[in-house]
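Quick look at target_7.cif (mmCIF, C-alpha atoms and all ligand atoms):
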```
data_query
loop_
_atom_site.label_atom_id
_atom_site.label_comp_id
_atom_site.auth_asym_id
_atom_site.auth_seq_id
_atom_site.Cartn_x
_atom_site.Cartn_y
_atom_site.Cartn_z
CA MET A 1 272.50 -22.70 207.40
CA ASP A 2 271.47 -19.89 205.03
CA LYS A 3 267.83 -19.64 204.11
CA PHE A 4 265.76 -17.70 201.60
CA LEU A 5 262.10 -16.75 201.57
CA TYR A 6 259.81 -18.46 199.06
CA LEU A 7 256.71 -16.42 198.18
CA SER A 8 253.93 -18.09 196.20
CA ARG A 9 251.63 -16.04 194.01
CA ALA A 10 249.09 -15.96 196.87
CA ASP A 11 251.79 -14.77 199.32
CA VAL A 12 252.85 -11.99 196.95
CA GLU A 13 249.24 -10.85 196.55
CA ALA A 14 248.65 -11.07 200.32
CA THR A 15 251.38 -8.48 200.98
CA GLY A 16 248.86 -5.85 199.84
CA VAL A 17 251.46 -3.59 198.20
CA SER A 18 249.37 -0.86 196.57
CA MET A 19 249.44 0.38 192.98
CA ARG A 20 250.38 3.84 194.27
CA GLU A 21 253.45 2.37 196.00
CA VAL A 22 254.48 0.56 192.80
CA ILE A 23 254.11 3.74 190.71
CA ASP A 24 256.20 5.71 193.24
CA ALA A 25 258.94 3.02 193.25
CA LEU A 26 259.04 3.04 189.45
CA GLU A 27 259.37 6.80 189.43
CA VAL A 28 262.51 6.51 191.62
CA ALA A 29 263.85 3.69 189.43
CA PHE A 30 263.32 5.60 186.18
CA ARG A 31 264.90 8.72 187.65
CA GLU A 32 267.96 6.64 188.48
CA HIS A 33 267.87 5.08 185.01
CA GLY A 34 267.68 8.54 183.42
CA LEU A 35 270.69 9.62 185.47
CA GLY A 36 272.65 6.55 184.43
CA ASN A 37 272.64 5.07 187.95
CA ALA A 38 271.08 1.68 187.23
CA GLU A 39 272.60 -1.45 185.74
CA MET A 40 270.43 -3.38 183.31
CA PRO A 41 271.98 -5.52 180.57
CA PRO A 42 269.74 -6.28 177.56
CA LYS A 43 267.46 -9.23 178.26
CA PRO A 44 268.54 -12.59 176.79
CA VAL A 45 265.58 -14.48 175.35
CA ILE A 46 264.78 -17.96 174.10
CA HIS A 47 261.94 -18.53 171.62
CA THR A 48 260.35 -21.91 172.30
CA ARG A 49 257.26 -21.52 170.09
CA PRO A 50 256.16 -18.96 167.43
CA ASP A 51 255.40 -15.62 169.16
CA ALA A 52 256.31 -17.15 172.58
CA PHE A 53 259.28 -16.05 174.69
CA ILE A 54 261.13 -16.81 177.89
CA HIS A 55 263.22 -13.83 179.05
CA ALA A 56 265.99 -13.45 181.63
CA MET A 57 265.74 -9.97 183.13
CA PRO A 58 268.49 -8.89 185.54
CA ALA A 59 268.85 -5.41 187.06
CA TYR A 60 270.54 -3.52 189.89
CA ILE A 61 269.20 -0.22 191.24
CA PRO A 62 271.71 0.95 193.90
CA ALA A 63 269.41 3.69 195.25
CA LEU A 64 266.80 1.04 196.12
CA ARG A 65 269.38 -1.62 197.04
CA ALA A 66 267.49 -3.80 194.57
CA ALA A 67 269.39 -6.54 192.73
CA GLY A 68 268.05 -9.64 191.07
CA LEU A 69 266.60 -11.39 188.08
CA LYS A 70 263.19 -12.26 186.65
CA TRP A 71 262.78 -15.38 184.48
CA VAL A 72 259.45 -14.87 182.73
CA SER A 73 257.56 -16.51 179.88
CA GLY A 74 254.83 -15.21 177.56
CA TYR A 75 252.75 -17.68 175.58
CA PRO A 76 249.90 -16.34 173.38
CA SER A 77 248.61 -19.92 172.89
CA ASN A 78 248.04 -20.43 176.64
CA GLN A 79 244.66 -18.68 176.61
CA ALA A 80 243.15 -21.62 174.71
CA LYS A 81 244.55 -23.98 177.37
CA GLY A 82 243.13 -21.97 180.25
CA LEU A 83 246.66 -21.05 181.34
CA PRO A 84 248.09 -17.57 182.02
CA TYR A 85 249.80 -15.70 179.16
CA ILE A 86 252.57 -14.58 181.54
CA SER A 87 254.23 -16.75 184.22
CA GLY A 88 257.61 -17.03 185.93
CA LEU A 89 259.81 -16.53 188.98
CA LEU A 90 261.85 -13.67 190.38
CA ILE A 91 265.02 -13.97 192.49
CA LEU A 92 265.88 -11.03 194.76
CA ASN A 93 269.52 -10.92 195.92
CA ASP A 94 271.26 -9.23 198.83
CA ASP A 95 273.41 -6.61 197.07
CA ASP A 96 276.06 -6.82 199.86
CA THR A 97 276.62 -10.57 199.76
CA GLY A 98 274.93 -11.71 196.55
CA LEU A 99 272.97 -14.31 198.53
CA PRO A 100 269.40 -14.94 197.36
CA LEU A 101 266.98 -13.26 199.78
CA ALA A 102 263.80 -14.44 198.14
CA VAL A 103 262.33 -16.41 195.27
CA MET A 104 258.84 -15.30 194.36
CA ASP A 105 256.15 -15.88 191.76
CA CYS A 106 256.38 -12.95 189.32
CA THR A 107 252.85 -12.92 187.92
CA TRP A 108 251.50 -10.24 190.25
CA ILE A 109 254.65 -8.10 189.98
CA THR A 110 254.61 -8.27 186.17
CA ALA A 111 250.95 -7.31 186.05
CA LYS A 112 251.24 -4.40 188.47
CA ARG A 113 254.55 -2.92 187.36
CA THR A 114 253.45 -2.87 183.72
CA GLY A 115 250.31 -0.92 184.57
CA ALA A 116 252.39 1.33 186.81
CA ALA A 117 254.84 2.03 183.97
CA SER A 118 251.95 3.03 181.68
CA ALA A 119 250.61 5.39 184.34
CA LEU A 120 254.07 6.87 184.89
CA SER A 121 254.38 7.52 181.14
CA ALA A 122 250.91 9.03 181.18
CA ARG A 123 251.89 11.36 184.05
CA TYR A 124 254.31 13.04 181.59
CA LEU A 125 252.48 12.46 178.30
CA ALA A 126 248.71 12.57 178.92
CA ARG A 127 246.52 15.60 179.65
CA PRO A 128 246.13 15.76 183.45
CA GLU A 129 242.34 16.01 183.20
CA SER A 130 242.11 12.82 181.08
CA SER A 131 238.93 11.01 182.11
CA THR A 132 237.99 8.65 179.26
CA VAL A 133 239.99 5.46 178.68
CA GLY A 134 239.85 2.91 175.87
CA ILE A 135 241.09 -0.59 176.69
CA LEU A 136 241.76 -2.98 173.80
CA GLY A 137 242.57 -6.44 175.14
CA CYS A 138 240.67 -6.98 178.40
CA GLY A 139 242.96 -9.43 180.19
CA VAL A 140 245.45 -9.12 183.03
CA GLN A 141 247.12 -6.04 181.56
CA GLY A 142 243.85 -4.36 180.62
CA ARG A 143 242.90 -4.60 184.30
CA SER A 144 246.18 -3.44 185.81
CA ASN A 145 246.60 -0.59 183.32
CA LEU A 146 243.13 0.72 184.13
CA GLU A 147 243.86 0.38 187.85
CA ALA A 148 247.11 2.35 187.53
CA LEU A 149 245.62 5.08 185.32
CA SER A 150 242.79 5.44 187.85
CA VAL A 151 245.36 6.15 190.58
CA LEU A 152 246.80 9.16 188.73
CA PHE A 153 243.84 10.42 186.62
CA PRO A 154 240.16 11.24 187.23
CA VAL A 155 238.96 8.28 185.13
CA LYS A 156 235.18 8.26 184.73
CA GLN A 157 234.33 6.48 181.47
CA VAL A 158 235.93 3.36 180.00
CA PHE A 159 235.34 1.75 176.59
CA ALA A 160 236.33 -1.93 176.54
CA TYR A 161 237.05 -3.97 173.42
CA ASP A 162 238.22 -7.57 173.24
CA ARG A 163 238.37 -10.09 170.42
CA LYS A 164 236.41 -12.35 172.80
CA PRO A 165 233.31 -10.32 173.72
CA GLU A 166 232.72 -12.34 176.91
CA SER A 167 236.17 -11.27 178.17
CA ALA A 168 235.16 -7.62 177.73
CA VAL A 169 231.89 -8.27 179.58
CA HIS A 170 233.70 -9.86 182.57
CA PHE A 171 236.21 -7.02 182.54
CA ALA A 172 233.42 -4.44 182.58
CA GLN A 173 231.62 -6.07 185.51
CA GLU A 174 234.81 -6.35 187.54
CA MET A 175 236.10 -2.84 186.80
CA ARG A 176 232.77 -1.17 187.60
CA ALA A 177 232.71 -2.94 190.96
CA ARG A 178 236.37 -2.26 191.81
CA PHE A 179 236.81 1.33 190.63
CA GLY A 180 233.28 2.73 190.43
CA VAL A 181 233.81 3.76 186.81
CA SER A 182 231.31 3.50 183.97
CA VAL A 183 232.44 0.78 181.51
CA GLU A 184 230.85 0.32 178.10
CA VAL A 185 231.64 -2.84 176.13
CA VAL A 186 232.10 -1.96 172.46
CA ASP A 187 231.89 -4.15 169.34
CA GLU A 188 234.27 -2.21 167.15
CA PRO A 189 237.90 -1.44 168.10
CA ARG A 190 237.58 2.13 166.84
CA GLN A 191 235.01 2.83 169.59
CA ALA A 192 237.77 2.20 172.17
CA VAL A 193 240.17 4.62 170.45
CA SER A 194 238.33 7.64 168.97
CA GLY A 195 236.87 9.87 171.67
CA CYS A 196 239.26 8.56 174.34
CA ASP A 197 241.78 10.69 176.25
CA MET A 198 243.92 7.63 177.00
CA VAL A 199 244.12 4.35 175.06
CA VAL A 200 245.76 1.10 176.16
CA THR A 201 246.43 -1.73 173.72
CA ALA A 202 247.06 -5.03 175.53
CA GLY A 203 246.48 -7.94 173.17
CA PRO A 204 249.13 -10.48 172.13
CA ILE A 205 252.57 -9.32 171.00
CA LEU A 206 253.03 -10.31 167.37
CA GLN A 207 256.10 -9.89 165.21
CA VAL A 208 253.80 -9.00 162.31
CA PRO A 209 251.33 -6.42 163.68
CA HIS A 210 247.63 -7.06 163.08
CA ALA A 211 247.52 -3.26 162.63
CA THR A 212 243.87 -2.86 163.64
CA ILE A 213 244.18 0.82 164.66
CA LYS A 214 244.22 3.04 161.57
CA ALA A 215 245.24 6.63 160.84
CA GLY A 216 242.61 9.13 161.96
CA TRP A 217 241.39 7.06 164.93
CA LEU A 218 243.50 8.55 167.76
CA ASP A 219 242.18 11.99 168.73
CA ALA A 220 244.35 15.11 168.86
CA GLY A 221 245.41 15.49 172.51
CA ALA A 222 245.19 11.77 173.29
CA PHE A 223 247.82 9.51 174.87
CA ALA A 224 248.25 5.81 174.06
CA SER A 225 250.15 3.12 175.97
CA LEU A 226 251.37 0.28 173.75
CA VAL A 227 251.64 -2.60 176.23
CA ASP A 228 251.64 -5.11 173.36
CA TYR A 229 254.34 -3.20 171.46
CA ASP A 230 253.18 -2.04 168.01
CA SER A 231 250.98 -5.10 167.38
CA PHE A 232 247.70 -3.13 167.32
CA TRP A 233 248.92 -0.18 165.26
CA ASP A 234 248.98 0.47 161.54
CA GLY A 235 252.14 2.29 160.46
CA ALA A 236 250.19 5.31 159.20
CA ALA A 237 248.47 5.64 162.62
CA LEU A 238 251.85 5.62 164.38
CA GLN A 239 253.19 8.27 162.02
CA GLU A 240 250.43 10.67 163.18
CA VAL A 241 251.89 10.73 166.67
CA ASP A 242 253.85 13.82 167.78
CA LYS A 243 255.86 12.21 170.59
CA PHE A 244 256.73 8.51 170.64
CA CYS A 245 258.48 7.50 173.88
CA THR A 246 259.74 4.23 175.28
CA ASP A 247 261.16 2.93 178.54
CA ASP A 248 264.54 1.94 177.03
CA VAL A 249 265.78 3.10 173.64
CA PRO A 250 268.60 0.50 173.19
CA GLN A 251 266.15 -2.35 173.88
CA LEU A 252 263.65 -0.92 171.42
CA GLU A 253 266.42 -0.66 168.82
CA TYR A 254 267.31 -4.28 169.55
CA TYR A 255 263.72 -5.36 168.89
CA ARG A 256 263.66 -3.21 165.77
CA SER A 257 266.71 -5.08 164.45
CA HIS A 258 264.79 -8.32 165.03
CA GLY A 259 261.78 -7.33 162.93
CA TYR A 260 259.51 -5.50 165.43
CA PHE A 261 258.68 -1.76 165.32
CA GLN A 262 259.25 -1.37 161.58
CA SER A 263 256.79 1.56 161.20
CA ILE A 264 257.28 3.68 164.31
CA PRO A 265 258.05 7.41 164.14
CA ARG A 266 261.25 8.97 165.52
CA ILE A 267 261.75 8.18 169.21
CA HIS A 268 261.33 11.38 171.23
CA ALA A 269 262.52 10.30 174.68
CA SER A 270 263.03 7.49 177.13
CA LEU A 271 260.86 7.36 180.23
CA GLY A 272 263.94 8.14 182.34
CA GLU A 273 264.54 11.29 180.28
CA LEU A 274 260.92 12.35 180.86
CA VAL A 275 261.11 11.72 184.62
CA THR A 276 264.39 13.63 185.04
CA GLY A 277 263.20 16.48 182.81
CA GLN A 278 266.03 15.99 180.32
CA LYS A 279 263.36 15.82 177.61
CA ALA A 280 259.98 17.54 177.56
CA GLY A 281 256.80 15.56 178.02
CA ARG A 282 253.51 16.90 176.70
CA GLU A 283 253.80 20.54 175.64
CA SER A 284 250.33 21.27 174.24
CA ALA A 285 246.74 20.10 174.65
CA THR A 286 246.60 18.85 171.07
CA GLU A 287 249.70 16.64 170.81
CA ARG A 288 249.19 12.93 170.20
CA THR A 289 251.60 11.01 172.44
CA ILE A 290 252.62 7.39 172.87
CA GLY A 291 254.38 5.54 175.67
CA CYS A 292 255.61 2.20 174.38
CA ASN A 293 257.10 0.47 177.41
CA LEU A 294 258.78 -2.80 176.57
CA GLY A 295 258.83 -3.86 180.21
CA LEU A 296 262.18 -3.73 181.94
CA ALA A 297 263.95 -5.64 184.68
CA LEU A 298 264.18 -2.21 186.30
CA ASP A 299 260.38 -2.24 186.87
CA ASP A 300 260.52 -5.65 188.52
CA MET A 301 263.49 -4.84 190.73
CA ALA A 302 261.84 -1.60 191.85
CA THR A 303 258.78 -3.55 192.95
CA ALA A 304 260.26 -6.75 194.42
CA PRO A 305 261.81 -5.13 197.54
CA LEU A 306 258.40 -3.67 198.44
CA VAL A 307 256.92 -7.16 198.30
CA TYR A 308 259.82 -8.71 200.19
CA SER A 309 259.87 -6.24 203.08
CA ARG A 310 256.06 -6.37 203.45
CA ALA A 311 256.20 -10.19 203.45
CA LEU A 312 258.84 -10.12 206.22
CA ASP A 313 256.69 -7.71 208.26
CA GLN A 314 253.65 -9.96 207.89
CA GLY A 315 255.45 -13.30 208.32
CA LEU A 316 254.34 -14.50 204.89
CA GLY A 317 255.97 -17.25 202.80
CA ALA A 318 258.14 -20.25 203.58
CA ARG A 319 261.79 -20.17 204.70
CA LEU A 320 263.77 -22.69 202.64
CA GLU A 321 267.35 -23.92 202.90
CA LEU A 322 269.69 -22.76 200.18
N1 LIG B 401 255.22 -4.28 177.84
C1 LIG B 401 255.25 -4.96 178.97
O1 LIG B 401 255.96 -4.63 179.91
C2 LIG B 401 254.39 -6.16 179.13
C3 LIG B 401 254.35 -6.83 180.36
C4 LIG B 401 253.49 -7.91 180.50
C5 LIG B 401 252.70 -8.30 179.44
N2 LIG B 401 252.82 -7.65 178.25
C6 LIG B 401 252.02 -8.04 177.11
O2 LIG B 401 250.70 -7.60 177.33
C7 LIG B 401 249.82 -8.38 176.54
C8 LIG B 401 248.64 -8.83 177.36
O3 LIG B 401 249.08 -9.69 178.40
P1 LIG B 401 248.03 -10.23 179.44
O4 LIG B 401 248.80 -10.89 180.54
O5 LIG B 401 247.04 -9.15 179.77
O6 LIG B 401 247.30 -11.34 178.55
P2 LIG B 401 245.79 -11.89 178.69
O7 LIG B 401 245.76 -13.17 177.95
O8 LIG B 401 245.39 -11.86 180.12
O9 LIG B 401 244.93 -10.79 177.91
C9 LIG B 401 245.00 -10.59 176.52
C10 LIG B 401 243.59 -10.23 176.04
O10 LIG B 401 243.69 -9.79 174.69
C11 LIG B 401 242.57 -10.32 173.98
N3 LIG B 401 242.92 -10.31 172.54
C12 LIG B 401 243.66 -11.18 171.84
N4 LIG B 401 243.76 -10.77 170.54
C13 LIG B 401 243.04 -9.61 170.45
C14 LIG B 401 242.76 -8.73 169.40
N5 LIG B 401 243.23 -8.91 168.16
N6 LIG B 401 241.97 -7.65 169.66
C15 LIG B 401 241.49 -7.43 170.91
N7 LIG B 401 241.73 -8.26 171.95
C16 LIG B 401 242.50 -9.33 171.72
C17 LIG B 401 242.39 -11.70 174.57
O11 LIG B 401 241.08 -12.21 174.31
C18 LIG B 401 242.64 -11.41 176.06
O12 LIG B 401 241.44 -11.03 176.72
C19 LIG B 401 250.68 -9.52 176.01
O13 LIG B 401 251.04 -9.21 174.69
C20 LIG B 401 251.90 -9.52 176.88
O14 LIG B 401 253.06 -10.04 176.25
C21 LIG B 401 253.63 -6.59 178.08
#
```
Show me this structure written as structure tokens.
Amino acid sequence: MDKFLYLSRADVEATGVSMREVIDALEVAFREHGLGNAEMPPKPVIHTRPDAFIHAMPAYIPALRAAGLKWVSGYPSNQAKGLPYISGLLILNDDDTGLPLAVMDCTWITAKRTGAASALSARYLARPESSTVGILGCGVQGRSNLEALSVLFPVKQVFAYDRKPESAVHFAQEMRARFGVSVEVVDEPRQAVSGCDMVVTAGPILQVPHATIKAGWLDAGAFASLVDYDSFWDGAALQEVDKFCTDDVPQLEYYRSHGYFQSIPRIHASLGELVTGQKAGRESATERTIGCNLGLALDDMATAPLVYSRALDQGLGARLEL
């Protein structure tokens, strides 16, 4: 009888796949994407509550023999219930037979691959010596984005802002201990933008942006990663940016036709075009750059085989009958 491997969230975490490995896998995946060698239909979505979503995210990356689907939800109202914003499952298939190889919790993968995608964008769009980071929204993504940026950049000083000050305080304690960086909790969002080489916004995704970040806040030469789409950014602040990039232009256009991204500047390049060199990344020390990665099935399918093969090596998870 055919069996598949079930990996709980704890099993996935226990594999110990490193952030560096996830970044490297994403670089391969985005190169393939840029060359037109990956299959990724636009993600169907159902909207069960205002500002909530449940997405189906299939992809196939032949070079990584990675095929499968993530079924993931995002609920801004979960924080008040003590539940995670993001939750879901991922199915990894055998690309030869189509049989399911594994079903796994996707929380860890979603957290890590999103941070990894920001760092990959930053590799092409941030100044290599970038050492100060502003984090706005100190939750799961705030943590994984800082982790990933710390892998590729000499991060020394972090400014942390959260609508809930106690969340920023917990974040600061944890990040100091894990990465040995200096973390200052700030009261005003501008203190986590102005004076920073790299800025990450990771609050809730809202169809109508709260537009906290104003024109004149982002320094010349800075890079920003918009993990929560354009929710944090005033239109005039976005218009100051020299290069606005995204992981997938058609998907961004799709969101734009559904009411998001109404004030963004011209799109300069996709991440795949940056990785393959088809489009230039940063070209001067004074450009303001943005990577706005929507989060693609490609990211998940690049990461899932790493988790699966490490789980097999370590005998993790439960074998279940199909
Ligand atoms: N682009 C992607 O690929 C991708 C992937 C996963 C998650 N996300 C998005 O990232 C965002 C964060 O997800 P998460 O899992 O880290 O959630 P989380 O709940 O763990 O963290 C969100 C944090 O933002 C804070 N916050 C809320 N409103 C704020 C505001 N106005 N100003 C400052 N802080 C505010 C909350 O207090 C919380 O600490 C969500 O919008 C989610 O949809 C994007």
Give as an MDAnalysis selection string every residue, naming chains and numbers as the document does, that has an atom within 8 Å of (266.4, 10.2, 184.0), counting all atoms listed in the file. chainID A and resid 30:36 271:278
Find the nearest atom pair between each residue of range 122-194 of chain A and range 67-91 of chain A for residues within 12 Å, count only C-alpha atoms, give distances in Å to one decimal, sort rows by chain and ascending number, and present the table as JSON lines.
```
{"residue": "A:Gly139", "atom": "CA", "partner": "A:Tyr85", "partner_atom": "CA", "distance": 9.3}
{"residue": "A:Val140", "atom": "CA", "partner": "A:Tyr85", "partner_atom": "CA", "distance": 8.8}
{"residue": "A:Gln141", "atom": "CA", "partner": "A:Ile86", "partner_atom": "CA", "distance": 10.1}
{"residue": "A:Lys164", "atom": "CA", "partner": "A:Gln79", "partner_atom": "CA", "distance": 11.1}
{"residue": "A:Ser167", "atom": "CA", "partner": "A:Gln79", "partner_atom": "CA", "distance": 11.4}
```
Tell me, as a VMD selection string, which residues lie within 12 Å of Arg178 in chain A, counting only C-alpha atoms; anything in the same chain fewer than 2 positions away does not count. chain A and resid 143 to 144 146 to 147 150 171 to 176 180 to 183
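Distance check against ligand LIG 401 (chain B) using all atoms listed in the file: of A:Ser121, A:Thr286, A:Thr132, A:Thr110, the minimum falls on A:Thr110.
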Non-local contacts of Ala211 in chain A (8 Å; all atoms listed in the file; under 2 positions in same chain excluded) as a PyMOL selection string: chain A and resi 209+213-214+230-235
Nearest residue to ligand LIG 401 (chain B) from the set A:Gly16, A:Gly203, A:Gly115, A:Gly195 (distances using all atoms listed in the file):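 Looking at the shortest contact to ligand LIG 401 (chain B), the residue is A:Gly203.
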Give me range 180-195 of chain A with N, CA and C atoms filled in, as an mmCIF file, keeping the file's coordinate frame.
```cif
data_model
loop_
_atom_site.group_PDB
_atom_site.id
_atom_site.type_symbol
_atom_site.label_atom_id
_atom_site.label_comp_id
_atom_site.auth_asym_id
_atom_site.auth_seq_id
_atom_site.Cartn_x
_atom_site.Cartn_y
_atom_site.Cartn_z
ATOM 1 N N GLY A 180 234.431 1.825 190.488
ATOM 2 C CA GLY A 180 233.280 2.730 190.430
ATOM 3 C C GLY A 180 233.234 3.550 189.158
ATOM 4 N N VAL A 181 233.836 3.029 188.080
ATOM 5 C CA VAL A 181 233.810 3.760 186.810
ATOM 6 C C VAL A 181 232.699 3.190 185.924
ATOM 7 N N SER A 182 232.273 3.980 184.947
ATOM 8 C CA SER A 182 231.310 3.500 183.970
ATOM 9 C C SER A 182 232.099 2.778 182.855
ATOM 10 N N VAL A 183 231.727 1.539 182.545
ATOM 11 C CA VAL A 183 232.440 0.780 181.510
ATOM 12 C C VAL A 183 231.447 0.318 180.452
ATOM 13 N N GLU A 184 231.699 0.739 179.214
ATOM 14 C CA GLU A 184 230.850 0.320 178.100
ATOM 15 C C GLU A 184 231.621 -0.681 177.237
ATOM 16 N N VAL A 185 231.029 -1.850 177.023
ATOM 17 C CA VAL A 185 231.640 -2.840 176.130
ATOM 18 C C VAL A 185 231.308 -2.440 174.694
ATOM 19 N N VAL A 186 232.344 -2.384 173.839
ATOM 20 C CA VAL A 186 232.100 -1.960 172.460
ATOM 21 C C VAL A 186 232.425 -3.098 171.482
ATOM 22 N N ASP A 187 231.736 -3.073 170.340
ATOM 23 C CA ASP A 187 231.890 -4.150 169.340
ATOM 24 C C ASP A 187 233.013 -3.875 168.360
ATOM 25 N N GLU A 188 233.298 -2.597 168.163
ATOM 26 C CA GLU A 188 234.270 -2.210 167.150
ATOM 27 C C GLU A 188 235.492 -1.590 167.836
ATOM 28 N N PRO A 189 236.708 -1.994 167.432
ATOM 29 C CA PRO A 189 237.900 -1.440 168.100
ATOM 30 C C PRO A 189 237.973 0.084 168.033
ATOM 31 N N ARG A 190 237.475 0.668 166.964
ATOM 32 C CA ARG A 190 237.580 2.130 166.840
ATOM 33 C C ARG A 190 236.843 2.851 167.985
ATOM 34 N N GLN A 191 235.781 2.204 168.497
ATOM 35 C CA GLN A 191 235.010 2.830 169.590
ATOM 36 C C GLN A 191 235.812 2.900 170.897
ATOM 37 N N ALA A 192 236.913 2.139 170.976
ATOM 38 C CA ALA A 192 237.770 2.200 172.170
ATOM 39 C C ALA A 192 239.021 3.046 171.907
ATOM 40 N N VAL A 193 239.025 3.754 170.770
ATOM 41 C CA VAL A 193 240.170 4.620 170.450
ATOM 42 C C VAL A 193 239.668 6.061 170.258
ATOM 43 N N SER A 194 238.826 6.281 169.243
ATOM 44 C CA SER A 194 238.330 7.640 168.970
ATOM 45 C C SER A 194 237.455 8.099 170.134
ATOM 46 N N GLY A 195 237.651 9.332 170.553
ATOM 47 C CA GLY A 195 236.870 9.870 171.670
ATOM 48 C C GLY A 195 237.480 9.567 173.030
#
```
